[in-house]
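Undergrad: A single structure is presented below for examination.
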Amino acid sequence: MNELLDLSLVDWSRAQFALTAMYHWLFVPLTLGITFILAIMETIYVKTGNPEWKKITKFWMKVFGINFAIGVATGIILEFEFGTNWSNYSWFVGDIFGAPLAIEGIMAFFMESTFIAVMFFGWGKVSKRFHLVSTWLTALGANLSALWILVANGWMQFPVGMQFNPDTARNEMVNFWDVFLSPVATSKFLHTIFSGFELASIFVIGISAWYLLKKREVIFARKSILVAAVFGLISSVFVIGFGHASTQQVAYHQPMKLAAMEGLYEGQNGPGLIAMGVLSTKKTDPEYKQLKDFLFRVEIPKGLSVLAYLNTTQFMPGIKDLLDGNSEHNILSAPEKIARGKMAIQLLKDYKMAKDDGNAEEASTLRAKFMSDDFQKNYFKYFGYGYIKNPTDLIPDIPMVFYSFRIMVMLGTYFVFFFIFTLLWLTRGTLEKKKWFLRLALITMPLAYLASMSGWILAEVGRQPWVIQDLLPTVAAVSQIGVSAVQVTFWLFAFVFTLLLIAEVKIMTKQIKIGPKDGGH
Amino acid sequence: MRILKKIVHFYYEGFRQMTWGKSLWVIILVKLFVMFFVLKLFFFPDLLKQNFKTDKQRSEHVIENLTNIK
């Protein structure tokens, strides 16, 4: 299997997928949040009958429309890449991934296309209430689409509810509810959508702040900020809550990711949380070159133990415990897991050979062994480790994971204060006078995108080398295609997506400069 | 039938009266064309569907890939 050795193919394929996913994600969180914001605005319009709220709703609907039109279908390219660049993976995941994505496609198409049309074309043609219901259903539909994608992603981080079929090499869903209600999937979904709500709130406040700086559309801007700041503040509380729940899931199911994001090299009882720190280039151990020392760190005592396990004494394995094993805490060493993974792969190979040779009796015996509870729990569970050449390959990129976590958390904390002060000064009537804060609101818009991207970098880089946790590493998931083909499409995507982004920014800027007018669509 | 006519009329009128949204539709259509008629056709074939006729052959190919580690 040549591609297992060809790291440049793996790296380029990963870079291509990351590029596509990150560009796609530039559009998604704004859609997730702004649909609810404009649904709230329209509800106020329907309740009060105040035409100012209709004007406000229509303006933000226009912003949503631009973002939706430019971003729509950019995620489909990821599905193209599954079939071309990740064919082993896409076959291996079987209907686990197919079912949620199919539901997402159908739901997104019917819900969004129907109700978005009513939202834009329906003013004055359908009743106010029917229009309002359509706006809420658009918001709901957009967020339900995200649900299915994140269920699929959650399964990759914590594969449950399936059974691997050695005849087809596919995972078959045996319990839909285990997949759908997996704690990893639910906490990930809720953390992600509330962060989208937060981003959209910051976006609305930032654009409104620009109007205030220009002394234009003051009433429009103040009302928009009021809705967005309240919505953003409530959302930010949920972001923190579900972020905490996500960390707990990482502690239980992806301890290596947690150890990397905390720079925890040696296991400890009640470890502290590094609030701030800078990694040096100095190695801490010649055996593990990835483990770099800290130039400095500010630690909250017992913080990590409380964050992950809600107690102050919990033992948390460090990277070395996870690689060398720790018998006191029942942690298998990486070499032991690799050996078990190789045995699982060998048994699959032997079974296939017995079938190919027409040796039905041996094939039946081997299949029974493969499917036995003992083998599934103690060997197939480590299937993916069989592809790992060196235990240190199990360590994700520590600086990338460490810093992305801190950027996300620090910005998330800043956003809470940002919403509080926005609301405070808005209600006191002093917001327009604080030019520095209005300018800060403009700067905060790209910071919201940075926080959102950092979250995804943490989630996806942090789970490396796995595509499916413990079952399939990236090197085994990739297709045997030429590196040059991947490089060509990488640059092609970079070009096309950059064009789309420029188009989005230009069209949106033009419409923002025109401002809220009670015009067409 | 009357409801269907109403729905068609609703969409027809909506698109006809479109102002700034027209440029967005141009972008959407160009994007979909590039995605499905350029990228999908020339750059992103489904390798397993393209190279193998049956699911059995696809399974065997993937098992071969997964079990032959150098």
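Chain labels run A, B, ... following the order of the structure tokens; each chain numbers its residues from 1, and ligands are numbered from 1 in the order shown.
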Hey, what's within 12 Å of A:Thr498 if we count only C-alpha atoms and toss same-chain stuff fewer than 4 positions away? As an MDAnalysis selection string, please?
TA: chainID A and resid 19:20 22:24 26 70:71 491:494 502:505
Undergrad: Quick one: write out the picked residues with N, CA and C atoms as a compact mmCIF listing (two decimals), in the first residue's frame?
TA:
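Writing done, so here's out-v4.txt:
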```
# COMPACT_ATOMS: atom_id res chain seq x y z
N LEU A 19 -8.49 23.42 3.57
CA LEU A 19 -8.76 24.67 2.84
C LEU A 19 -10.25 24.75 2.48
N THR A 20 -10.77 23.67 1.94
CA THR A 20 -12.19 23.66 1.53
C THR A 20 -13.10 23.83 2.75
N MET A 22 -12.42 25.13 5.66
CA MET A 22 -12.30 26.44 6.32
C MET A 22 -12.99 27.53 5.50
N TYR A 23 -12.87 27.47 4.19
CA TYR A 23 -13.59 28.45 3.36
C TYR A 23 -15.10 28.26 3.53
N HIS A 24 -15.54 27.00 3.53
CA HIS A 24 -16.96 26.71 3.72
C HIS A 24 -17.42 27.29 5.06
N LEU A 26 -16.35 29.77 6.61
CA LEU A 26 -16.43 31.24 6.65
C LEU A 26 -17.89 31.71 6.51
N ILE A 70 -23.53 33.19 -1.57
CA ILE A 70 -22.11 32.95 -1.86
C ILE A 70 -21.66 31.62 -1.23
N GLY A 71 -22.16 31.33 -0.05
CA GLY A 71 -21.69 30.15 0.68
C GLY A 71 -22.39 28.87 0.30
N TRP A 491 -4.79 24.41 -5.48
CA TRP A 491 -4.63 25.80 -5.94
C TRP A 491 -5.85 26.29 -6.68
N LEU A 492 -6.53 25.35 -7.36
CA LEU A 492 -7.78 25.72 -8.05
C LEU A 492 -8.82 26.19 -7.03
N PHE A 493 -8.94 25.43 -5.95
CA PHE A 493 -9.89 25.80 -4.90
C PHE A 493 -9.50 27.12 -4.24
N ALA A 494 -8.20 27.25 -3.99
CA ALA A 494 -7.74 28.48 -3.34
C ALA A 494 -8.16 29.68 -4.21
N ILE A 502 -14.03 37.42 -2.25
CA ILE A 502 -13.96 38.82 -2.70
C ILE A 502 -15.35 39.28 -3.15
N ALA A 503 -16.07 38.39 -3.89
CA ALA A 503 -17.42 38.73 -4.34
C ALA A 503 -18.33 39.01 -3.15
N GLU A 504 -18.24 38.15 -2.13
CA GLU A 504 -19.08 38.33 -0.93
C GLU A 504 -18.79 39.68 -0.28
N VAL A 505 -17.51 39.94 -0.06
CA VAL A 505 -17.14 41.19 0.64
C VAL A 505 -17.57 42.40 -0.18
```
Undergrad: Using only C-alpha atoms, select each residue of chain A with any atom at most 7 Å away from an atom of chain B, and give the selection as a list in words.
TA: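 Those within range of chain B come out as Met1, Ile66, Ala69, Ile70, Phe80, Glu81, Gly83, Thr84, Ser87, Asn88, Phe121, Thr168, Ala169, Ile345, Gln346, Lys349, Ala476, Gly520 and His521 of chain A.
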Undergrad: Take the selection from the previous step and output its residues with all heavy atoms, as a tab-separated table (two decimals), in the first residue's frame.
TA:
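So again10.tsv came out as:
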```
chain	number	residue	atom	x	y	z
A	1	MET	N	0.86	-1.19	0.00
A	1	MET	CA	0.00	0.00	0.00
A	1	MET	C	0.90	1.24	0.00
A	1	MET	O	1.31	1.74	1.03
A	1	MET	CB	-0.87	-0.04	1.25
A	1	MET	CG	-2.06	0.85	1.17
A	1	MET	SD	-3.01	0.59	2.67
A	1	MET	CE	-4.12	1.96	2.50
A	66	ILE	N	-27.05	37.48	0.92
A	66	ILE	CA	-25.73	37.55	0.25
A	66	ILE	C	-24.83	36.44	0.77
A	66	ILE	O	-24.22	35.70	0.01
A	66	ILE	CB	-25.09	38.94	0.48
A	66	ILE	CG1	-25.94	40.03	-0.18
A	66	ILE	CG2	-23.66	38.97	-0.07
A	66	ILE	CD1	-25.62	41.44	0.28
A	69	ALA	N	-26.10	33.02	-0.44
A	69	ALA	CA	-25.90	32.77	-1.88
A	69	ALA	C	-24.44	32.46	-2.20
A	69	ALA	O	-24.15	31.56	-2.98
A	69	ALA	CB	-26.35	33.99	-2.68
A	70	ILE	N	-23.53	33.19	-1.57
A	70	ILE	CA	-22.11	32.95	-1.86
A	70	ILE	C	-21.66	31.62	-1.23
A	70	ILE	O	-20.88	30.88	-1.80
A	70	ILE	CB	-21.22	34.10	-1.31
A	70	ILE	CG1	-21.73	35.46	-1.79
A	70	ILE	CG2	-19.76	33.88	-1.67
A	70	ILE	CD1	-21.39	35.85	-3.18
A	80	PHE	N	-17.33	15.75	-2.67
A	80	PHE	CA	-16.55	15.32	-3.85
A	80	PHE	C	-15.21	14.75	-3.40
A	80	PHE	O	-14.75	13.74	-3.91
A	80	PHE	CB	-16.26	16.51	-4.78
A	80	PHE	CG	-17.47	17.12	-5.47
A	80	PHE	CD1	-17.33	18.30	-6.19
A	80	PHE	CD2	-18.71	16.53	-5.41
A	80	PHE	CE1	-18.40	18.88	-6.83
A	80	PHE	CE2	-19.80	17.11	-6.04
A	80	PHE	CZ	-19.65	18.29	-6.75
A	81	GLU	N	-14.60	15.45	-2.45
A	81	GLU	CA	-13.26	15.04	-1.98
A	81	GLU	C	-13.31	13.68	-1.29
A	81	GLU	O	-12.37	12.89	-1.40
A	81	GLU	CB	-12.67	16.10	-1.05
A	81	GLU	CG	-12.28	17.36	-1.80
A	81	GLU	CD	-11.90	18.53	-0.90
A	81	GLU	OE1	-11.63	18.32	0.29
A	81	GLU	OE2	-11.91	19.66	-1.40
A	83	GLY	N	-15.08	11.15	-2.13
A	83	GLY	CA	-15.09	10.12	-3.18
A	83	GLY	C	-13.77	10.02	-3.93
A	83	GLY	O	-13.39	8.94	-4.37
A	84	THR	N	-13.07	11.12	-4.07
A	84	THR	CA	-11.83	11.11	-4.87
A	84	THR	C	-10.60	10.95	-3.99
A	84	THR	O	-9.79	10.05	-4.23
A	84	THR	CB	-11.70	12.43	-5.68
A	84	THR	OG1	-12.88	12.58	-6.46
A	84	THR	CG2	-10.49	12.39	-6.59
A	87	SER	N	-11.18	7.80	-0.66
A	87	SER	CA	-12.10	6.72	-1.03
A	87	SER	C	-12.08	5.58	-0.01
A	87	SER	O	-13.13	4.98	0.26
A	87	SER	CB	-11.79	6.21	-2.43
A	87	SER	OG	-10.46	5.76	-2.48
A	88	ASN	N	-10.92	5.25	0.56
A	88	ASN	CA	-10.88	4.18	1.58
A	88	ASN	C	-11.75	4.57	2.77
A	88	ASN	O	-12.55	3.78	3.27
A	88	ASN	CB	-9.45	3.96	2.09
A	88	ASN	CG	-8.58	3.28	1.05
A	88	ASN	OD1	-9.08	2.66	0.12
A	88	ASN	ND2	-7.28	3.44	1.19
A	121	PHE	N	-39.57	36.51	-1.19
A	121	PHE	CA	-40.61	36.88	-2.16
A	121	PHE	C	-41.94	37.18	-1.49
A	121	PHE	O	-42.85	37.72	-2.13
A	121	PHE	CB	-40.83	35.74	-3.18
A	121	PHE	CG	-39.62	35.34	-3.97
A	121	PHE	CD1	-39.57	34.11	-4.63
A	121	PHE	CD2	-38.52	36.19	-4.09
A	121	PHE	CE1	-38.47	33.73	-5.36
A	121	PHE	CE2	-37.40	35.81	-4.83
A	121	PHE	CZ	-37.38	34.57	-5.47
A	168	THR	N	-17.62	-6.72	3.87
A	168	THR	CA	-17.75	-5.55	2.99
A	168	THR	C	-16.73	-4.46	3.33
A	168	THR	O	-16.60	-3.50	2.57
A	168	THR	CB	-19.16	-4.94	3.14
A	168	THR	OG1	-19.34	-4.54	4.51
A	168	THR	CG2	-20.25	-5.91	2.72
A	169	ALA	N	-16.05	-4.58	4.44
A	169	ALA	CA	-15.11	-3.55	4.93
A	169	ALA	C	-15.84	-2.24	5.22
A	169	ALA	O	-15.26	-1.17	5.05
A	169	ALA	CB	-13.97	-3.32	3.96
A	345	ILE	N	-5.85	-6.41	11.87
A	345	ILE	CA	-5.67	-6.28	10.41
A	345	ILE	C	-5.29	-7.64	9.82
A	345	ILE	O	-5.82	-8.04	8.77
A	345	ILE	CB	-4.59	-5.21	10.09
A	345	ILE	CG1	-5.09	-3.82	10.51
A	345	ILE	CG2	-4.24	-5.21	8.61
A	345	ILE	CD1	-4.01	-2.74	10.49
A	346	GLN	N	-4.41	-8.36	10.52
A	346	GLN	CA	-3.97	-9.67	10.02
A	346	GLN	C	-5.15	-10.65	9.96
A	346	GLN	O	-5.28	-11.41	8.99
A	346	GLN	CB	-2.85	-10.23	10.92
A	346	GLN	CG	-2.20	-11.50	10.41
A	346	GLN	CD	-1.55	-11.32	9.04
A	346	GLN	OE1	-0.84	-10.36	8.80
A	346	GLN	NE2	-1.85	-12.25	8.11
A	349	LYS	N	-7.18	-9.94	7.02
A	349	LYS	CA	-6.46	-10.42	5.82
A	349	LYS	C	-6.60	-11.94	5.68
A	349	LYS	O	-6.89	-12.46	4.59
A	349	LYS	CB	-4.98	-10.03	5.93
A	349	LYS	CG	-4.19	-10.25	4.68
A	349	LYS	CD	-2.78	-9.72	4.87
A	349	LYS	CE	-2.00	-9.86	3.58
A	349	LYS	NZ	-0.68	-9.25	3.67
A	476	ALA	N	-4.20	5.77	6.23
A	476	ALA	CA	-4.89	4.62	5.65
A	476	ALA	C	-6.18	5.05	4.96
A	476	ALA	O	-6.78	4.26	4.23
A	476	ALA	CB	-5.20	3.59	6.72
A	520	GLY	N	-36.64	46.36	-2.66
A	520	GLY	CA	-36.92	45.00	-3.14
A	520	GLY	C	-35.92	44.00	-2.61
A	520	GLY	O	-35.27	44.20	-1.62
A	521	HIS	N	-35.83	42.87	-3.33
A	521	HIS	CA	-34.93	41.80	-2.88
A	521	HIS	C	-33.98	41.42	-4.01
A	521	HIS	O	-34.17	41.75	-5.14
A	521	HIS	CB	-35.74	40.58	-2.44
A	521	HIS	CG	-36.77	40.13	-3.44
A	521	HIS	ND1	-38.08	40.51	-3.36
A	521	HIS	CD2	-36.65	39.38	-4.56
A	521	HIS	CE1	-38.74	39.96	-4.39
A	521	HIS	NE2	-37.90	39.29	-5.12
```
Undergrad: Step one, run DSSP on the backbone; step two, keep only residues of stretch 300-460 of chain A assigned to helix (DSSP H, G or I); then write them as a PDB file with C-alpha atoms, in the first residue's frame.
TA:
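Listed below is the output, out-v1.pdb:
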```
ATOM      1  CA  GLY A 303      -8.138  24.027  36.831  1.00  0.00           C
ATOM      2  CA  LEU A 304      -7.871  21.266  34.251  1.00  0.00           C
ATOM      3  CA  SER A 305      -9.081  18.619  36.678  1.00  0.00           C
ATOM      4  CA  VAL A 306     -12.134  20.719  37.508  1.00  0.00           C
ATOM      5  CA  LEU A 307     -12.769  21.639  33.864  1.00  0.00           C
ATOM      6  CA  ALA A 308     -12.613  18.065  32.631  1.00  0.00           C
ATOM      7  CA  TYR A 309     -13.862  16.030  35.590  1.00  0.00           C
ATOM      8  CA  ILE A 319       1.290  12.249  26.593  1.00  0.00           C
ATOM      9  CA  LYS A 320       4.004   9.959  27.989  1.00  0.00           C
ATOM     10  CA  ASP A 321       1.439   7.896  29.956  1.00  0.00           C
ATOM     11  CA  LEU A 322      -0.589   7.457  26.785  1.00  0.00           C
ATOM     12  CA  LEU A 323       2.468   6.335  24.815  1.00  0.00           C
ATOM     13  CA  ASP A 324       4.352   4.297  27.446  1.00  0.00           C
ATOM     14  CA  SER A 327      -0.555   0.044  34.630  1.00  0.00           C
ATOM     15  CA  GLU A 328      -1.684   1.833  37.800  1.00  0.00           C
ATOM     16  CA  HIS A 329      -4.390   3.610  35.801  1.00  0.00           C
ATOM     17  CA  ALA A 334       1.023   2.542  22.387  1.00  0.00           C
ATOM     18  CA  PRO A 335       3.222  -0.437  21.319  1.00  0.00           C
ATOM     19  CA  GLU A 336       0.640  -2.792  22.872  1.00  0.00           C
ATOM     20  CA  LYS A 337      -2.204  -1.070  21.014  1.00  0.00           C
ATOM     21  CA  ILE A 338      -0.179  -1.166  17.787  1.00  0.00           C
ATOM     22  CA  ALA A 339       0.383  -4.914  18.237  1.00  0.00           C
ATOM     23  CA  ARG A 340      -3.339  -5.488  18.820  1.00  0.00           C
ATOM     24  CA  GLY A 341      -4.209  -3.350  15.797  1.00  0.00           C
ATOM     25  CA  LYS A 342      -1.853  -5.379  13.632  1.00  0.00           C
ATOM     26  CA  MET A 343      -3.506  -8.579  14.862  1.00  0.00           C
ATOM     27  CA  ALA A 344      -6.926  -7.220  13.879  1.00  0.00           C
ATOM     28  CA  ILE A 345      -5.671  -6.275  10.411  1.00  0.00           C
ATOM     29  CA  GLN A 346      -3.973  -9.674  10.024  1.00  0.00           C
ATOM     30  CA  LEU A 347      -7.146 -11.529  10.990  1.00  0.00           C
ATOM     31  CA  LEU A 348      -9.118  -9.514   8.400  1.00  0.00           C
ATOM     32  CA  LYS A 349      -6.462 -10.420   5.819  1.00  0.00           C
ATOM     33  CA  ASP A 350      -6.495 -14.112   6.769  1.00  0.00           C
ATOM     34  CA  TYR A 351     -10.283 -14.171   6.566  1.00  0.00           C
ATOM     35  CA  LYS A 352     -10.233 -12.647   3.077  1.00  0.00           C
ATOM     36  CA  MET A 353      -7.564 -15.132   1.924  1.00  0.00           C
ATOM     37  CA  ALA A 354      -9.544 -18.078   3.287  1.00  0.00           C
ATOM     38  CA  LYS A 355     -12.607 -16.837   1.412  1.00  0.00           C
ATOM     39  CA  ASP A 356     -10.626 -16.268  -1.796  1.00  0.00           C
ATOM     40  CA  ALA A 360     -15.292 -22.131   3.770  1.00  0.00           C
ATOM     41  CA  GLU A 361     -14.616 -23.897   7.059  1.00  0.00           C
ATOM     42  CA  GLU A 362     -11.545 -21.805   7.900  1.00  0.00           C
ATOM     43  CA  ALA A 363     -13.266 -18.633   6.713  1.00  0.00           C
ATOM     44  CA  SER A 364     -16.220 -19.367   8.983  1.00  0.00           C
ATOM     45  CA  THR A 365     -13.929 -19.945  11.984  1.00  0.00           C
ATOM     46  CA  LEU A 366     -11.971 -16.763  11.330  1.00  0.00           C
ATOM     47  CA  ARG A 367     -15.140 -14.722  10.859  1.00  0.00           C
ATOM     48  CA  ALA A 368     -16.555 -16.027  14.148  1.00  0.00           C
ATOM     49  CA  LYS A 369     -13.314 -15.052  15.876  1.00  0.00           C
ATOM     50  CA  PHE A 370     -13.341 -11.578  14.278  1.00  0.00           C
ATOM     51  CA  MET A 371     -16.930 -10.931  15.326  1.00  0.00           C
ATOM     52  CA  ASP A 373     -17.071  -9.808  21.713  1.00  0.00           C
ATOM     53  CA  ASP A 374     -13.588 -10.435  23.055  1.00  0.00           C
ATOM     54  CA  PHE A 375     -11.906  -9.718  19.732  1.00  0.00           C
ATOM     55  CA  GLN A 376     -14.056  -6.618  19.060  1.00  0.00           C
ATOM     56  CA  LYS A 377     -13.391  -5.157  22.518  1.00  0.00           C
ATOM     57  CA  ASN A 378      -9.718  -6.036  22.827  1.00  0.00           C
ATOM     58  CA  PHE A 380     -10.679  -4.484  16.654  1.00  0.00           C
ATOM     59  CA  LYS A 381     -11.056  -1.510  18.991  1.00  0.00           C
ATOM     60  CA  TYR A 382      -7.389  -0.743  18.172  1.00  0.00           C
ATOM     61  CA  PHE A 383      -7.666  -1.570  14.452  1.00  0.00           C
ATOM     62  CA  GLY A 384      -6.259   1.801  13.347  1.00  0.00           C
ATOM     63  CA  TYR A 385      -3.174   1.470  15.554  1.00  0.00           C
ATOM     64  CA  GLY A 386      -2.007  -1.298  13.229  1.00  0.00           C
ATOM     65  CA  TYR A 387      -1.056   1.380  10.668  1.00  0.00           C
ATOM     66  CA  PRO A 391       4.260   5.544  18.751  1.00  0.00           C
ATOM     67  CA  THR A 392       5.247   9.222  18.548  1.00  0.00           C
ATOM     68  CA  ASP A 393       3.132   9.459  15.362  1.00  0.00           C
ATOM     69  CA  LEU A 394       0.178   9.379  17.781  1.00  0.00           C
ATOM     70  CA  ILE A 398       1.147  20.314  19.991  1.00  0.00           C
ATOM     71  CA  PRO A 399       1.777  24.045  19.261  1.00  0.00           C
ATOM     72  CA  MET A 400      -1.129  24.231  16.820  1.00  0.00           C
ATOM     73  CA  VAL A 401      -3.524  22.529  19.224  1.00  0.00           C
ATOM     74  CA  PHE A 402      -2.219  24.364  22.314  1.00  0.00           C
ATOM     75  CA  TYR A 403      -2.454  27.845  20.786  1.00  0.00           C
ATOM     76  CA  SER A 404      -5.747  27.330  18.928  1.00  0.00           C
ATOM     77  CA  PHE A 405      -7.385  26.286  22.218  1.00  0.00           C
ATOM     78  CA  ARG A 406      -6.082  29.395  23.977  1.00  0.00           C
ATOM     79  CA  ILE A 407      -7.061  31.746  21.143  1.00  0.00           C
ATOM     80  CA  MET A 408     -10.586  30.283  21.159  1.00  0.00           C
ATOM     81  CA  VAL A 409     -10.991  30.485  24.944  1.00  0.00           C
ATOM     82  CA  MET A 410      -9.451  33.951  25.344  1.00  0.00           C
ATOM     83  CA  LEU A 411     -11.571  35.414  22.554  1.00  0.00           C
ATOM     84  CA  GLY A 412     -14.655  33.632  23.887  1.00  0.00           C
ATOM     85  CA  THR A 413     -14.085  35.248  27.281  1.00  0.00           C
ATOM     86  CA  TYR A 414     -13.526  38.645  25.644  1.00  0.00           C
ATOM     87  CA  PHE A 415     -16.815  38.313  23.712  1.00  0.00           C
ATOM     88  CA  VAL A 416     -18.774  37.930  26.979  1.00  0.00           C
ATOM     89  CA  PHE A 417     -17.418  41.279  28.224  1.00  0.00           C
ATOM     90  CA  PHE A 418     -17.904  42.797  24.784  1.00  0.00           C
ATOM     91  CA  PHE A 419     -21.632  41.944  24.854  1.00  0.00           C
ATOM     92  CA  ILE A 420     -22.016  43.117  28.470  1.00  0.00           C
ATOM     93  CA  PHE A 421     -20.434  46.526  27.798  1.00  0.00           C
ATOM     94  CA  THR A 422     -22.293  46.939  24.504  1.00  0.00           C
ATOM     95  CA  LEU A 423     -25.578  46.357  26.285  1.00  0.00           C
ATOM     96  CA  LEU A 424     -24.624  48.471  29.290  1.00  0.00           C
ATOM     97  CA  TRP A 425     -23.605  51.526  27.265  1.00  0.00           C
ATOM     98  CA  LEU A 426     -26.479  51.101  24.818  1.00  0.00           C
ATOM     99  CA  THR A 427     -29.070  51.140  27.607  1.00  0.00           C
ATOM    100  CA  ARG A 428     -27.342  54.138  29.245  1.00  0.00           C
ATOM    101  CA  LEU A 431     -22.643  53.971  23.184  1.00  0.00           C
ATOM    102  CA  GLU A 432     -22.590  56.477  20.271  1.00  0.00           C
ATOM    103  CA  LYS A 433     -20.200  58.726  22.210  1.00  0.00           C
ATOM    104  CA  LYS A 435     -15.946  56.062  19.349  1.00  0.00           C
ATOM    105  CA  TRP A 436     -13.116  53.804  20.534  1.00  0.00           C
ATOM    106  CA  PHE A 437     -15.618  51.102  21.457  1.00  0.00           C
ATOM    107  CA  LEU A 438     -17.420  51.408  18.125  1.00  0.00           C
ATOM    108  CA  ARG A 439     -14.059  50.962  16.373  1.00  0.00           C
ATOM    109  CA  LEU A 440     -13.347  48.011  18.673  1.00  0.00           C
ATOM    110  CA  ALA A 441     -16.673  46.519  17.567  1.00  0.00           C
ATOM    111  CA  LEU A 442     -15.457  46.652  13.966  1.00  0.00           C
ATOM    112  CA  ILE A 443     -12.182  44.929  14.908  1.00  0.00           C
ATOM    113  CA  THR A 444     -14.121  42.320  16.880  1.00  0.00           C
ATOM    114  CA  MET A 445     -15.829  41.043  13.697  1.00  0.00           C
ATOM    115  CA  PRO A 446     -12.722  39.276  12.265  1.00  0.00           C
ATOM    116  CA  LEU A 447     -11.838  38.132  15.795  1.00  0.00           C
ATOM    117  CA  ALA A 448     -15.144  36.227  15.917  1.00  0.00           C
ATOM    118  CA  TYR A 449     -14.146  34.386  12.735  1.00  0.00           C
ATOM    119  CA  LEU A 450     -10.686  33.741  14.180  1.00  0.00           C
ATOM    120  CA  ALA A 451     -12.209  32.197  17.327  1.00  0.00           C
ATOM    121  CA  SER A 452     -14.520  30.036  15.236  1.00  0.00           C
ATOM    122  CA  MET A 453     -11.699  28.781  13.009  1.00  0.00           C
ATOM    123  CA  SER A 454      -9.494  28.144  16.044  1.00  0.00           C
ATOM    124  CA  GLY A 455     -12.207  25.896  17.461  1.00  0.00           C
ATOM    125  CA  TRP A 456     -12.192  23.782  14.311  1.00  0.00           C
ATOM    126  CA  ILE A 457      -8.384  23.652  14.182  1.00  0.00           C
ATOM    127  CA  LEU A 458      -8.410  22.408  17.775  1.00  0.00           C
ATOM    128  CA  ALA A 459     -11.051  19.772  17.012  1.00  0.00           C
ATOM    129  CA  GLU A 460      -9.564  18.480  13.767  1.00  0.00           C
TER     130      GLU A 460
END
```
Undergrad: What are the DSSP strand (DSSP E) residues of stretch 82-166 of chain A, as a count of residues only?
TA: 4
Undergrad: One decimal, in Å: what's the spacing between atom CA of A:Val179 and atom CA of A:Asn153?
TA: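 These two atoms are separated by 10.5 Å.
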Undergrad: Interatomic distance between atom CA of A:Gly161 and atom CA of A:Asp178?
TA: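 A separation of 5.0 Å between them.
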Undergrad: Taking into account only C-alpha atoms, which residue in the set A:Phe92, A:Trp210, A:Phe164, A:Phe242 is nearest to A:Pro473?
TA: A:Phe92
